Every structure is written in C-alpha cells, then in structure tokens.
>>> print(open('work.cif').read())   # mmCIF, C-alpha atoms
data_my_file
#
loop_
_atom_site.label_atom_id
_atom_site.label_comp_id
_atom_site.auth_asym_id
_atom_site.auth_seq_id
_atom_site.Cartn_x
_atom_site.Cartn_y
_atom_site.Cartn_z
CA MET A 1 0.00 0.00 0.00
CA THR A 2 1.41 3.41 -0.91
CA GLY A 3 1.56 6.23 1.59
CA THR A 4 -1.33 8.06 -0.08
CA GLU A 5 -3.52 4.95 -0.17
CA GLU A 6 -2.73 4.27 3.48
CA GLN A 7 -3.66 7.84 4.40
CA GLN A 8 -6.96 7.55 2.51
CA THR A 9 -7.73 4.24 4.25
CA MET A 10 -6.90 5.75 7.63
CA ALA A 11 -9.06 8.79 6.89
CA SER A 12 -12.05 6.63 5.96
CA LYS A 13 -11.81 4.59 9.18
CA PRO A 14 -14.22 5.59 11.93
CA ILE A 15 -12.68 7.24 14.96
CA THR A 16 -12.36 4.74 17.79
CA THR A 17 -12.32 6.12 21.30
CA GLN A 18 -9.93 3.38 22.52
CA ALA A 19 -7.15 4.50 20.24
CA MET A 20 -7.61 8.21 20.72
CA SER A 21 -8.83 8.73 24.24
CA ALA A 22 -5.42 9.14 25.86
CA GLU A 23 -4.95 12.38 27.71
CA TRP A 24 -1.59 13.99 28.43
CA ARG A 25 -2.10 12.80 32.00
CA ASP A 26 -2.08 9.20 30.78
CA TYR A 27 1.33 9.69 29.18
CA PHE A 28 2.52 11.35 32.37
CA ALA A 29 1.24 8.36 34.38
CA LEU A 30 3.27 6.03 32.13
CA THR A 31 6.44 7.58 33.53
CA LYS A 32 5.56 6.39 37.09
CA PRO A 33 5.82 9.89 38.62
CA ARG A 34 6.06 8.63 42.21
CA VAL A 35 9.04 6.42 41.41
CA MET A 36 10.48 9.27 39.36
CA SER A 37 10.39 11.58 42.38
CA LEU A 38 12.74 9.19 44.21
CA VAL A 39 14.94 8.93 41.12
CA VAL A 40 15.12 12.72 40.76
CA PHE A 41 15.87 13.14 44.43
CA THR A 42 18.71 10.57 44.57
CA GLY A 43 20.11 11.83 41.27
CA LEU A 44 20.08 15.40 42.57
CA ALA A 45 21.69 14.26 45.82
CA GLY A 46 24.50 12.57 43.87
CA LEU A 47 24.96 15.73 41.81
CA LEU A 48 25.02 18.04 44.85
CA ALA A 49 27.23 15.76 46.95
CA ALA A 50 29.89 15.36 44.26
CA PRO A 51 33.12 17.30 44.63
CA GLY A 52 33.32 20.15 42.13
CA SER A 53 30.63 22.31 40.63
CA ILE A 54 28.33 22.31 37.65
CA HIS A 55 26.54 25.25 36.02
CA PRO A 56 22.91 25.37 37.24
CA VAL A 57 21.59 25.05 33.67
CA LEU A 58 23.72 21.96 33.05
CA GLY A 59 22.83 20.56 36.48
CA PHE A 60 19.13 21.03 35.69
CA THR A 61 19.63 19.37 32.30
CA ALA A 62 21.41 16.38 33.88
CA ILE A 63 18.59 15.85 36.38
CA LEU A 64 15.98 16.30 33.63
CA CYS A 65 17.75 13.62 31.56
CA ILE A 66 17.86 11.24 34.54
CA ALA A 67 14.14 11.85 35.13
CA LEU A 68 13.18 11.42 31.46
CA GLY A 69 15.36 8.31 31.17
CA ALA A 70 13.63 6.81 34.21
CA GLY A 71 10.25 7.81 32.74
CA GLY A 72 11.13 6.17 29.42
CA ALA A 73 12.19 2.97 31.16
CA ALA A 74 8.96 3.00 33.18
CA ALA A 75 6.88 3.41 30.00
CA LEU A 76 8.72 0.49 28.36
CA ASN A 77 8.14 -1.57 31.51
CA GLN A 78 4.39 -0.89 31.34
CA TRP A 79 4.29 -1.59 27.61
CA TRP A 80 5.85 -5.01 28.21
CA GLU A 81 3.84 -5.83 31.34
CA ALA A 82 0.41 -4.52 30.31
CA ASP A 83 -1.17 -7.97 30.68
CA ILE A 84 0.43 -8.57 34.08
CA ASP A 85 -0.60 -5.10 35.28
CA ALA A 86 -4.19 -5.82 34.29
CA GLY A 87 -4.22 -8.81 36.64
CA MET A 88 -3.04 -6.97 39.73
CA LYS A 89 -5.18 -4.67 41.85
CA ARG A 90 -2.27 -2.26 42.52
CA THR A 91 -1.51 -1.77 38.81
CA SER A 92 -4.83 -2.40 37.10
CA ARG A 93 -5.68 1.30 36.95
CA ARG A 94 -2.63 2.19 34.89
CA PRO A 95 -3.35 3.66 31.42
CA LEU A 96 -2.66 0.49 29.39
CA PRO A 97 -4.74 -1.98 31.47
CA GLN A 98 -7.50 0.63 31.39
CA GLY A 99 -7.34 0.69 27.58
CA LYS A 100 -6.72 4.42 27.52
CA MET A 101 -4.03 4.20 24.85
CA ARG A 102 -2.62 1.85 22.28
CA ARG A 103 0.15 -0.41 23.49
CA GLU A 104 2.52 0.61 20.70
CA ASP A 105 2.02 4.29 21.61
CA ALA A 106 3.34 3.52 25.09
CA ARG A 107 6.32 1.69 23.56
CA ASP A 108 7.13 4.56 21.19
CA PHE A 109 6.77 7.10 23.99
CA GLY A 110 9.19 5.06 26.12
CA LEU A 111 11.72 4.70 23.31
CA MET A 112 11.54 8.41 22.53
CA LEU A 113 12.11 9.44 26.15
CA SER A 114 14.91 6.90 26.59
CA GLY A 115 16.76 7.75 23.39
CA GLY A 116 16.25 11.50 23.77
CA SER A 117 17.44 11.62 27.37
CA VAL A 118 20.63 9.66 26.60
CA MET A 119 21.44 11.81 23.57
CA VAL A 120 20.91 15.11 25.41
CA MET A 121 22.92 13.86 28.41
CA GLY A 122 25.79 12.94 26.10
CA VAL A 123 25.80 16.10 24.02
CA ALA A 124 25.11 18.61 26.79
CA ILE A 125 26.69 17.06 29.90
CA HIS A 126 29.09 14.12 29.61
CA TRP A 127 29.20 10.97 27.51
CA LEU A 128 30.21 8.77 30.47
CA ALA A 129 27.05 9.94 32.28
CA ALA A 130 25.07 9.23 29.09
CA VAL A 131 26.47 5.69 28.82
CA ILE A 132 25.58 4.96 32.45
CA LEU A 133 22.08 6.38 31.85
CA ALA A 134 21.69 4.12 28.80
CA VAL A 135 22.86 1.10 30.81
CA SER A 136 20.38 1.93 33.60
CA ILE A 137 17.47 2.13 31.13
CA PHE A 138 18.48 -1.14 29.48
CA TYR A 139 18.95 -2.72 32.91
CA TYR A 140 15.41 -1.82 34.02
CA ALA A 141 13.51 -2.26 30.76
CA VAL A 142 15.24 -5.43 29.53
CA VAL A 143 17.38 -7.15 32.21
CA TYR A 144 14.80 -6.67 34.97
CA THR A 145 11.43 -6.39 33.23
CA VAL A 146 11.86 -8.87 30.37
CA TRP A 147 14.48 -11.27 31.70
CA LEU A 148 14.68 -11.51 35.50
CA LYS A 149 11.28 -10.53 36.88
CA PRO A 150 9.33 -13.42 35.37
CA ARG A 151 12.13 -15.97 35.90
CA THR A 152 13.75 -15.75 39.32
CA PRO A 153 12.68 -14.89 42.87
CA GLN A 154 15.98 -13.00 43.11
CA ASN A 155 14.57 -10.57 40.50
CA ILE A 156 14.44 -7.72 42.99
CA VAL A 157 18.03 -8.19 44.18
CA ILE A 158 19.60 -7.86 40.73
CA GLY A 159 16.89 -5.69 39.18
CA GLY A 160 17.12 -3.29 42.10
CA GLY A 161 20.38 -2.16 40.57
CA ALA A 162 18.35 -0.19 38.03
CA GLY A 163 17.10 2.15 40.73
CA ALA A 164 20.60 2.52 42.13
CA PHE A 165 22.01 4.31 39.09
CA PRO A 166 20.64 7.90 39.56
CA PRO A 167 23.10 9.09 42.26
CA LEU A 168 25.95 7.55 40.26
CA ILE A 169 24.82 9.39 37.12
CA GLY A 170 24.36 12.65 39.04
CA TRP A 171 27.83 12.34 40.52
CA VAL A 172 29.48 11.49 37.17
CA ALA A 173 27.67 14.42 35.52
CA VAL A 174 29.73 16.69 37.80
CA THR A 175 33.07 14.88 38.04
CA GLY A 176 33.24 13.01 34.74
CA ASP A 177 34.71 9.91 36.39
CA ILE A 178 33.71 6.99 38.60
CA THR A 179 35.27 6.77 42.06
CA ALA A 180 34.54 4.83 45.27
CA MET A 181 31.99 7.32 46.62
CA PRO A 182 29.43 7.18 43.77
CA LEU A 183 29.82 3.40 43.71
CA LEU A 184 28.99 3.32 47.43
CA LEU A 185 25.89 5.44 46.79
CA PHE A 186 24.94 2.89 44.14
CA ALA A 187 25.57 0.09 46.66
CA ILE A 188 23.37 1.73 49.31
CA ILE A 189 20.30 1.79 47.04
CA PHE A 190 21.17 -1.65 45.65
CA VAL A 191 21.15 -3.17 49.16
CA TRP A 192 18.16 -1.04 50.29
CA THR A 193 15.91 -2.27 47.46
CA PRO A 194 15.33 -5.91 48.55
CA PRO A 195 14.07 -5.21 52.10
CA HIS A 196 12.08 -2.23 50.78
CA PHE A 197 10.37 -4.25 48.07
CA TRP A 198 9.97 -7.53 49.98
CA ALA A 199 8.27 -5.68 52.84
CA LEU A 200 5.77 -4.50 50.22
CA ALA A 201 5.59 -7.94 48.60
CA LEU A 202 4.71 -9.51 51.96
CA PHE A 203 1.45 -7.57 52.16
CA VAL A 204 0.55 -7.64 48.46
CA LYS A 205 1.73 -11.21 47.80
CA THR A 206 -1.68 -12.40 46.66
CA ASP A 207 -1.45 -10.10 43.67
CA TYR A 208 1.97 -11.31 42.56
CA ALA A 209 0.94 -14.95 43.01
CA LYS A 210 -2.13 -14.36 40.85
CA VAL A 211 -0.13 -13.18 37.84
CA GLY A 212 2.66 -15.76 38.25
CA ILE A 213 5.49 -13.40 39.16
CA PRO A 214 8.01 -15.40 41.25
CA MET A 215 8.40 -12.96 44.11
CA LEU A 216 10.38 -14.38 47.00
CA PRO A 217 7.37 -14.64 49.38
CA VAL A 218 5.47 -16.57 46.70
CA VAL A 219 8.26 -18.99 45.75
CA ALA A 220 10.39 -19.42 48.88
CA GLY A 221 7.73 -18.61 51.45
CA GLU A 222 7.33 -16.04 54.17
CA THR A 223 9.96 -17.32 56.57
CA VAL A 224 12.79 -17.15 54.04
CA THR A 225 11.66 -13.69 52.89
CA ARG A 226 11.54 -12.37 56.43
CA ARG A 227 15.05 -13.66 57.21
CA GLN A 228 16.33 -12.19 53.94
CA ILE A 229 14.87 -8.82 54.90
CA LEU A 230 16.84 -8.93 58.15
CA ALA A 231 20.03 -10.06 56.36
CA TYR A 232 19.82 -7.18 53.89
CA SER A 233 19.03 -4.71 56.68
CA ILE A 234 22.25 -5.76 58.44
CA ILE A 235 24.24 -5.39 55.20
CA LEU A 236 22.55 -2.00 54.60
CA PHE A 237 23.64 -0.84 58.04
CA ALA A 238 27.26 -1.67 57.20
CA VAL A 239 27.21 -0.34 53.62
CA SER A 240 25.54 2.94 54.60
CA LEU A 241 28.44 3.66 56.99
CA LEU A 242 31.15 3.03 54.40
CA PRO A 243 31.08 6.55 52.84
CA TRP A 244 31.93 7.88 56.31
CA ALA A 245 34.44 5.11 57.02
CA ILE A 246 36.49 5.82 53.89
CA GLY A 247 36.50 9.54 54.64
CA GLY A 248 34.16 10.48 51.81
CA THR A 249 31.77 12.27 54.16
CA GLY A 250 31.84 14.01 57.52
CA ALA A 251 30.11 13.50 60.84
CA ILE A 252 26.71 14.86 59.72
CA TYR A 253 26.32 11.98 57.32
CA GLY A 254 28.03 9.49 59.63
CA VAL A 255 25.79 10.12 62.63
CA SER A 256 22.68 10.28 60.43
CA ALA A 257 23.59 6.96 58.80
CA VAL A 258 24.04 5.27 62.18
CA LEU A 259 20.66 6.54 63.43
CA LEU A 260 18.66 5.99 60.23
CA SER A 261 20.12 2.58 59.41
CA GLY A 262 19.89 1.60 63.07
CA ALA A 263 16.16 2.38 63.03
CA PHE A 264 15.82 0.42 59.77
CA LEU A 265 17.50 -2.57 61.42
CA VAL A 266 15.35 -2.30 64.55
CA LEU A 267 12.15 -2.19 62.45
CA SER A 268 13.27 -5.21 60.42
CA VAL A 269 13.68 -7.43 63.51
CA PRO A 270 9.94 -7.87 64.28
CA VAL A 271 9.33 -8.48 60.56
CA ALA A 272 12.02 -11.18 60.54
CA PHE A 273 10.74 -13.14 63.53
CA ARG A 274 6.99 -13.29 63.04
CA GLN A 275 4.55 -15.18 60.88
CA SER A 276 1.41 -13.68 59.42
CA VAL A 277 -1.90 -15.08 60.54
CA GLU A 278 -5.30 -15.02 58.86
CA ASP A 279 -6.60 -11.46 58.38
CA ASP A 280 -3.23 -10.16 59.50
CA ARG A 281 -2.99 -6.37 59.21
CA MET A 282 0.75 -6.73 58.56
CA LYS A 283 1.57 -3.66 60.62
CA PRO A 284 5.33 -4.35 61.12
CA GLU A 285 5.75 -4.94 57.38
CA LYS A 286 3.85 -1.77 56.48
CA ARG A 287 5.84 0.16 59.08
CA LEU A 288 9.14 -1.09 57.64
CA PHE A 289 8.04 -0.28 54.08
CA GLY A 290 6.99 3.24 55.11
CA TRP A 291 10.27 3.78 56.97
CA SER A 292 12.29 2.48 54.01
CA VAL A 293 10.95 5.32 51.84
CA ILE A 294 11.62 7.97 54.52
CA TYR A 295 15.03 6.39 55.14
CA LEU A 296 16.30 6.89 51.62
CA PHE A 297 15.15 10.52 51.47
CA ALA A 298 16.66 11.25 54.90
CA LEU A 299 19.98 9.49 54.23
CA PHE A 300 20.59 11.31 50.95
CA THR A 301 19.49 14.61 52.50
CA ALA A 302 22.13 14.04 55.19
CA LEU A 303 24.69 13.32 52.47
CA VAL A 304 23.97 16.64 50.76
CA ALA A 305 23.82 18.56 54.06
CA ASP A 306 27.17 17.08 55.01
CA ARG A 307 28.71 18.28 51.76
CA MET A 308 27.08 21.74 51.98
CA VAL A 309 28.07 22.35 55.61
CA LEU A 310 31.45 20.67 55.90
CA ALA A 311 32.91 21.06 52.40
CA MET B 1 -19.11 8.43 17.65
CA THR B 2 -21.78 10.51 19.37
CA PRO B 3 -21.46 14.33 19.48
CA GLU B 4 -20.52 14.04 23.18
CA GLU B 5 -17.79 11.51 22.41
CA GLU B 6 -16.49 13.65 19.59
CA GLU B 7 -16.39 16.68 21.88
CA GLU B 8 -14.49 14.66 24.48
CA PHE B 9 -12.12 13.39 21.79
CA ILE B 10 -11.38 16.95 20.63
CA ARG B 11 -10.86 18.11 24.22
CA ARG B 12 -8.36 15.34 24.91
CA ARG B 13 -6.53 15.88 21.63
CA LYS B 14 -6.27 19.60 22.38
CA GLY B 15 -4.84 18.79 25.82
CA ARG B 16 -2.22 16.51 24.28
CA ASN B 17 -1.31 19.12 21.68
CA VAL B 18 -0.93 21.86 24.29
CA ALA B 19 1.26 19.58 26.44
CA LEU B 20 3.41 18.66 23.43
CA GLY B 21 3.69 22.32 22.40
CA LEU B 22 4.81 23.34 25.89
CA ALA B 23 7.35 20.48 25.97
CA LEU B 24 8.78 21.53 22.61
CA ALA B 25 8.94 25.18 23.64
CA GLY B 26 10.69 24.16 26.86
CA MET B 27 13.23 22.15 24.86
CA VAL B 28 13.95 25.11 22.59
CA VAL B 29 14.61 27.35 25.61
CA LEU B 30 16.72 24.65 27.30
CA PHE B 31 18.85 24.01 24.19
CA TYR B 32 19.35 27.76 23.79
CA LEU B 33 20.54 28.06 27.41
CA ILE B 34 22.80 24.98 27.11
CA THR B 35 24.38 26.48 24.00
CA ILE B 36 25.03 29.82 25.73
CA VAL B 37 26.58 28.06 28.75
CA ARG B 38 28.72 25.76 26.58
CA ILE B 39 29.96 28.67 24.44
CA GLY B 40 30.99 30.42 27.66
CA ASP B 41 33.07 27.40 28.82
#
>>> encode(input="work.cif", output="structure tokens")
Amino acid sequence: MTGTEEQQTMASKPITTQAMSAEWRDYFALTKPRVMSLVVFTGLAGLLAAPGSIHPVLGFTAILCIALGAGGAAALNQWWEADIDAGMKRTSRRPLPQGKMRREDARDFGLMLSGGSVMVMGVAIHWLAAVILAVSIFYYAVVYTVWLKPRTPQNIVIGGGAGAFPPLIGWVAVTGDITAMPLLLFAIIFVWTPPHFWALALFVKTDYAKVGIPMLPVVAGETVTRRQILAYSIILFAVSLLPWAIGGTGAIYGVSAVLLSGAFLVLSVPVAFRQSVEDDRMKPEKRLFGWSVIYLFALFTALVADRMVLA
Amino acid sequence: MTPEEEEEFIRRRKGRNVALGLALAGMVVLFYLITIVRIGD
C-alpha cells in the first residue's frame, strides 16, 4: 500500500475512542511519577554531593535527563507488562490496562524518552554519564522487566540495581569519572531495594501470586523472605556507613547513617521473627516499608547537608 | 461516535497538543541556554 492509499484508508476509518482517548495525564502516568520523584531526588543528591561544581543550567539538564530516562524505562516496563498489570489490583488502573491508549504508543513514547534523554545527556553534559544512563534504562527495561522478573525470585536483588544508578549518574555528571563514593551510593540503594520491596511484597503477595510473578514470598515462602529482609538490613547498616568510614563524608552523614540505618534494622527485627496469621494487618511490614521510603530521602538529604556544611 | 464523544475526543486531543507544544517550547529554551553556557566554557 502506498503512503497516499494508506492515508486515505486511515481517513475513511471511523474514529475509535480506545485508540484516541489518551490524555496527556495518561502519558505522564506512564512515567511512574512517584518512582520518578525518588529517582530525581537521589540523582540530585548525587549531583550536589559530588566534589566540584556544575553550572545550574547543566545541572538542571542532567537531572531532567535522569528523570526522562527513568520515565522512558517505566513506559517500556508498562508496555511489556500490560497484561500482568491488568491482573493486579495495585496496577490495574494504569493507562494500558484501562485501555486508555494503544500499546505501541506507550512503547514509542518510552523509546523516545529513553533515546532522547541519553542523547541530550551525552551532548550537553558528559558521555560517560550518558552511557551509564543508557545502561540503567536497558537494565530496568530489559534485564529486569523482560528477563529476570518473570524468571527468578531473586529478581528484585539484581533488578534493584536499576534504581541505584541515579546518584551515580548525578555524581558522574559533575566529576566526569567513577570513584569509590558514587559506587557506594549505588551500593546503598542496591542493598536497600530488597528489604524495601519484599516488605511491600509480603502484604501484596496475593497479587503477585495471581499473575505468576516469582516474588520471593510466593516462591520461597514467608519465613525465608523475612530472614532475607533482616540479612539485607544488616548489610545496609554496614554499607551505609562506608562513605563515612572511607573519609568520603563528615560527621553529619556518619551520625545520620548510624541513626537511620539503626532504626531500619530495629524495624526489620519484628518483621524477621513473626509469621502472618489469617486477616493479619501486617503492621510491622507496612511500618518497615513506610520507613524504608523515609530512610532513603533522609539518608541522601544528610549526604547533601554534610557536603554543603562541611565542604 | 456521538457528538458528546467527539467533543471529548477533541478536548483530549487539544490537551495533548498543548502539552506537546509546551514540551517543545521548553526544549527550545533549554537548548538555547545549554548552547550559551557551553559557548561560555
């Protein structure tokens, strides 16, 4: 069919609401704005905590690229998982399960954001930062979403690395090289992700089981998951202190890390040594999940405050 | 498509177009600023 014929055929087709009912808000929702806020925050923290300076316009551009890259990866994730999302209460109201847009539109939107953010990061900021951004998008959209998530109960452990990239990218955008400190920031989020996500998975496990995603509580059972949460909380305590131990930060961060990670560890203990009963309200698990979100914001705020005050 | 549906369709399309226009305008301003900063380096 020639282009003209195709256009005529398209023009003669009746307008279908399914294909054309997407609002700009639906595209915005595809980027998972709540997750993006954490990504922007940790990316900004990495950028502000890095030694050296960056022009505010370039700093803004770097954070915008990190945000758009994360949004693109999130859109690709929802394009791939539209059927799974439809089967879970938590995700069933997303634009694709709701039929608010065509699946390929979500894919194209994700590819455009991903490609555009990497290109702008490379041209305007630094190509090393752009390469790491590209790796993080590939890691989330392909390694985690397509490969690991449906195959292994350790999906969160390895896939959690995708969320650990922003502070590394922010740091590299300023310095142009990779040193121990940004790798430790990566490690903190990497180790934080499993207890954060498994606490959530413990009280929404029915949903994951329904759609056949091998989350640890579904495959290995509650007891193993709870012990793993404690194990990772202990590792997190140690890893979060390393930036201070190697002299990369001052006392503001050090003391904050001890207190925040200590509280994380204390909250993980009751989760580790209990079993849920019928109609369990899962309060310790919800408390740990809630704290895990506050924890990350507070720890990275302390990192930036440390740099601002003591540098 | 009923008149109401068509009206809703036009409203949503207009919203998308405005959002896209604002995004493009923002990119133009951003690229201009990046260029100025880079020239000054």
>>> closest_residue(input="work.cif", among="A:Leu48, A:Ile54, A:Val204, A:Met282", to="Lys89 of chain A", atoms="all atoms listed in the file")
A:Val204
>>> resolve_selection(input="work.cif", expression="the PyMOL selection byres ((chain B) within 7 of (chain A))", output="list in words")
Phe9, Arg12, Gly15, Arg16, Ala19 and Ile34 of chain B
>>> residues_around(input="work.cif", residues="Met215 of chain A", least_positions_apart="6", cutoff="10 Å", atoms="only C-alpha atoms", output="list in words")
Lys149, Pro150, Arg151, Thr152, Pro153, Gln154, Asn155, Ile156, Phe197, Trp198, Ala201, Leu202, Lys205, Tyr208, Ala209, Gly221 and Thr225 of chain A
>>> resolve_selection(input="work.cif", expression="the PyMOL selection byres ((chain A and resi 170-179) around 7)", output="PyMOL selection string")
chain A and resi 43-44+46-47+50+52-54+62+125-126+128-129+166-169+180-183
>>> write_last_selection(input="work.cif", atoms="C-alpha atoms", output="mmCIF file, in the coordinates of the input")
data_model
loop_
_atom_site.group_PDB
_atom_site.id
_atom_site.type_symbol
_atom_site.label_atom_id
_atom_site.label_comp_id
_atom_site.auth_asym_id
_atom_site.auth_seq_id
_atom_site.Cartn_x
_atom_site.Cartn_y
_atom_site.Cartn_z
ATOM 1 C CA GLY A 43 20.110 11.830 41.270
ATOM 2 C CA LEU A 44 20.080 15.400 42.570
ATOM 3 C CA GLY A 46 24.500 12.570 43.870
ATOM 4 C CA LEU A 47 24.960 15.730 41.810
ATOM 5 C CA ALA A 50 29.890 15.360 44.260
ATOM 6 C CA GLY A 52 33.320 20.150 42.130
ATOM 7 C CA SER A 53 30.630 22.310 40.630
ATOM 8 C CA ILE A 54 28.330 22.310 37.650
ATOM 9 C CA ALA A 62 21.410 16.380 33.880
ATOM 10 C CA ILE A 125 26.690 17.060 29.900
ATOM 11 C CA HIS A 126 29.090 14.120 29.610
ATOM 12 C CA LEU A 128 30.210 8.770 30.470
ATOM 13 C CA ALA A 129 27.050 9.940 32.280
ATOM 14 C CA PRO A 166 20.640 7.900 39.560
ATOM 15 C CA PRO A 167 23.100 9.090 42.260
ATOM 16 C CA LEU A 168 25.950 7.550 40.260
ATOM 17 C CA ILE A 169 24.820 9.390 37.120
ATOM 18 C CA ALA A 180 34.540 4.830 45.270
ATOM 19 C CA MET A 181 31.990 7.320 46.620
ATOM 20 C CA PRO A 182 29.430 7.180 43.770
ATOM 21 C CA LEU A 183 29.820 3.400 43.710
#
>>> atom_distance(input="work.cif", atom1="atom CA of Lys32 of chain A", atom2="atom CA of Ala74 of chain A")
6.2 Å
>>> resolve_selection(input="work.cif", expression="the PyMOL selection byres ((chain A and resi 303) around 9)", output="list in words")
Ala45, Gly46, Leu48, Ala49, Thr249, Gly250, Ile252, Tyr253, Gly254, Ser256, Ala298, Leu299, Phe300, Thr301, Ala302, Val304, Ala305, Asp306, Arg307 and Met308 of chain A
>>> atom_distance(input="work.cif", atom1="atom CA of Ser261 of chain A", atom2="atom CA of Val35 of chain A")
21.5 Å
>>> residues_around(input="work.cif", residues="Gly160 of chain A", least_positions_apart="5", cutoff="8 Å", atoms="all atoms listed in the file", output="MDAnalysis selection string")
chainID A and resid 155 189:190 193:194
>>> axis_aligned_box(input="work.cif", around="segment 148-159 of chain A", padding_each_side="5 Å", output="lines of an AutoDock Vina configuration file")
center_x = 14.5
center_y = -10.8
center_z = 39.8
size_x = 20.3
size_y = 20.3
size_z = 18.8
>>> closest_residue(input="work.cif", among="A:Ile213, A:Ala29, A:Leu236, A:Val191", to="Ile158 of chain A", atoms="only C-alpha atoms")
A:Val191
>>> atom_distance(input="work.cif", atom1="atom CA of Leu68 of chain A", atom2="atom CA of Phe31 of chain B")
15.6 Å
>>> closest_residue(input="work.cif", among="A:Gln228, A:Leu310, A:Thr42, A:Ala141", to="Leu185 of chain A", atoms="only C-alpha atoms")
A:Thr42
>>> closest_residue(input="work.cif", among="A:Ser276, A:Ser114, A:Gln78, A:Ser37", to="Arg102 of chain A", atoms="only C-alpha atoms")
A:Gln78
>>> residues_around(input="work.cif", residues="Leu30 of chain A", least_positions_apart="4", cutoff="10 Å", atoms="only C-alpha atoms", output="list in words")
Arg25, Asp26, Gly71, Gly72, Ala73, Ala74, Ala75, Leu76, Asn77, Gln78, Trp79, Arg94, Pro95, Leu96, Ala106, Phe109 and Gly110 of chain A
>>> closest_residue(input="work.cif", among="A:Leu113, A:Val255, A:Leu184, A:Val269", to="Leu242 of chain A", atoms="only C-alpha atoms")
A:Leu184
>>> build_atoms(input="work.cif", residues="segment 6-18 of chain B", atoms="N, CA, C and O atoms", output="compact mmCIF listing (two decimals), in the frame of the given file")
# COMPACT_ATOMS: atom_id res chain seq x y z
N GLU B 6 -17.35 12.87 20.48
CA GLU B 6 -16.49 13.65 19.59
C GLU B 6 -15.94 14.88 20.32
O GLU B 6 -14.76 15.23 20.19
N GLU B 7 -16.82 15.51 21.11
CA GLU B 7 -16.39 16.68 21.88
C GLU B 7 -15.28 16.30 22.87
O GLU B 7 -14.28 17.00 23.03
N GLU B 8 -15.49 15.15 23.52
CA GLU B 8 -14.49 14.66 24.48
C GLU B 8 -13.18 14.33 23.78
O GLU B 8 -12.09 14.64 24.27
N PHE B 9 -13.30 13.73 22.59
CA PHE B 9 -12.12 13.39 21.79
C PHE B 9 -11.33 14.66 21.44
O PHE B 9 -10.10 14.71 21.60
N ILE B 10 -12.05 15.69 21.01
CA ILE B 10 -11.38 16.95 20.63
C ILE B 10 -10.72 17.60 21.85
O ILE B 10 -9.60 18.10 21.78
N ARG B 11 -11.42 17.52 22.99
CA ARG B 11 -10.86 18.11 24.22
C ARG B 11 -9.55 17.42 24.60
O ARG B 11 -8.56 18.06 24.93
N ARG B 12 -9.55 16.10 24.53
CA ARG B 12 -8.36 15.34 24.91
C ARG B 12 -7.22 15.59 23.92
O ARG B 12 -6.05 15.71 24.31
N ARG B 13 -7.57 15.64 22.64
CA ARG B 13 -6.53 15.88 21.63
C ARG B 13 -5.91 17.26 21.83
O ARG B 13 -4.70 17.43 21.74
N LYS B 14 -6.77 18.25 22.15
CA LYS B 14 -6.27 19.60 22.38
C LYS B 14 -5.32 19.61 23.59
O LYS B 14 -4.27 20.24 23.57
N GLY B 15 -5.70 18.89 24.63
CA GLY B 15 -4.84 18.79 25.82
C GLY B 15 -3.49 18.20 25.49
O GLY B 15 -2.45 18.70 25.94
N ARG B 16 -3.49 17.14 24.68
CA ARG B 16 -2.22 16.51 24.28
C ARG B 16 -1.38 17.48 23.45
O ARG B 16 -0.17 17.58 23.64
N ASN B 17 -2.04 18.18 22.54
CA ASN B 17 -1.31 19.12 21.68
C ASN B 17 -0.70 20.27 22.48
O ASN B 17 0.44 20.67 22.23
N VAL B 18 -1.46 20.77 23.44
CA VAL B 18 -0.93 21.86 24.29
C VAL B 18 0.28 21.36 25.08
O VAL B 18 1.32 22.03 25.15
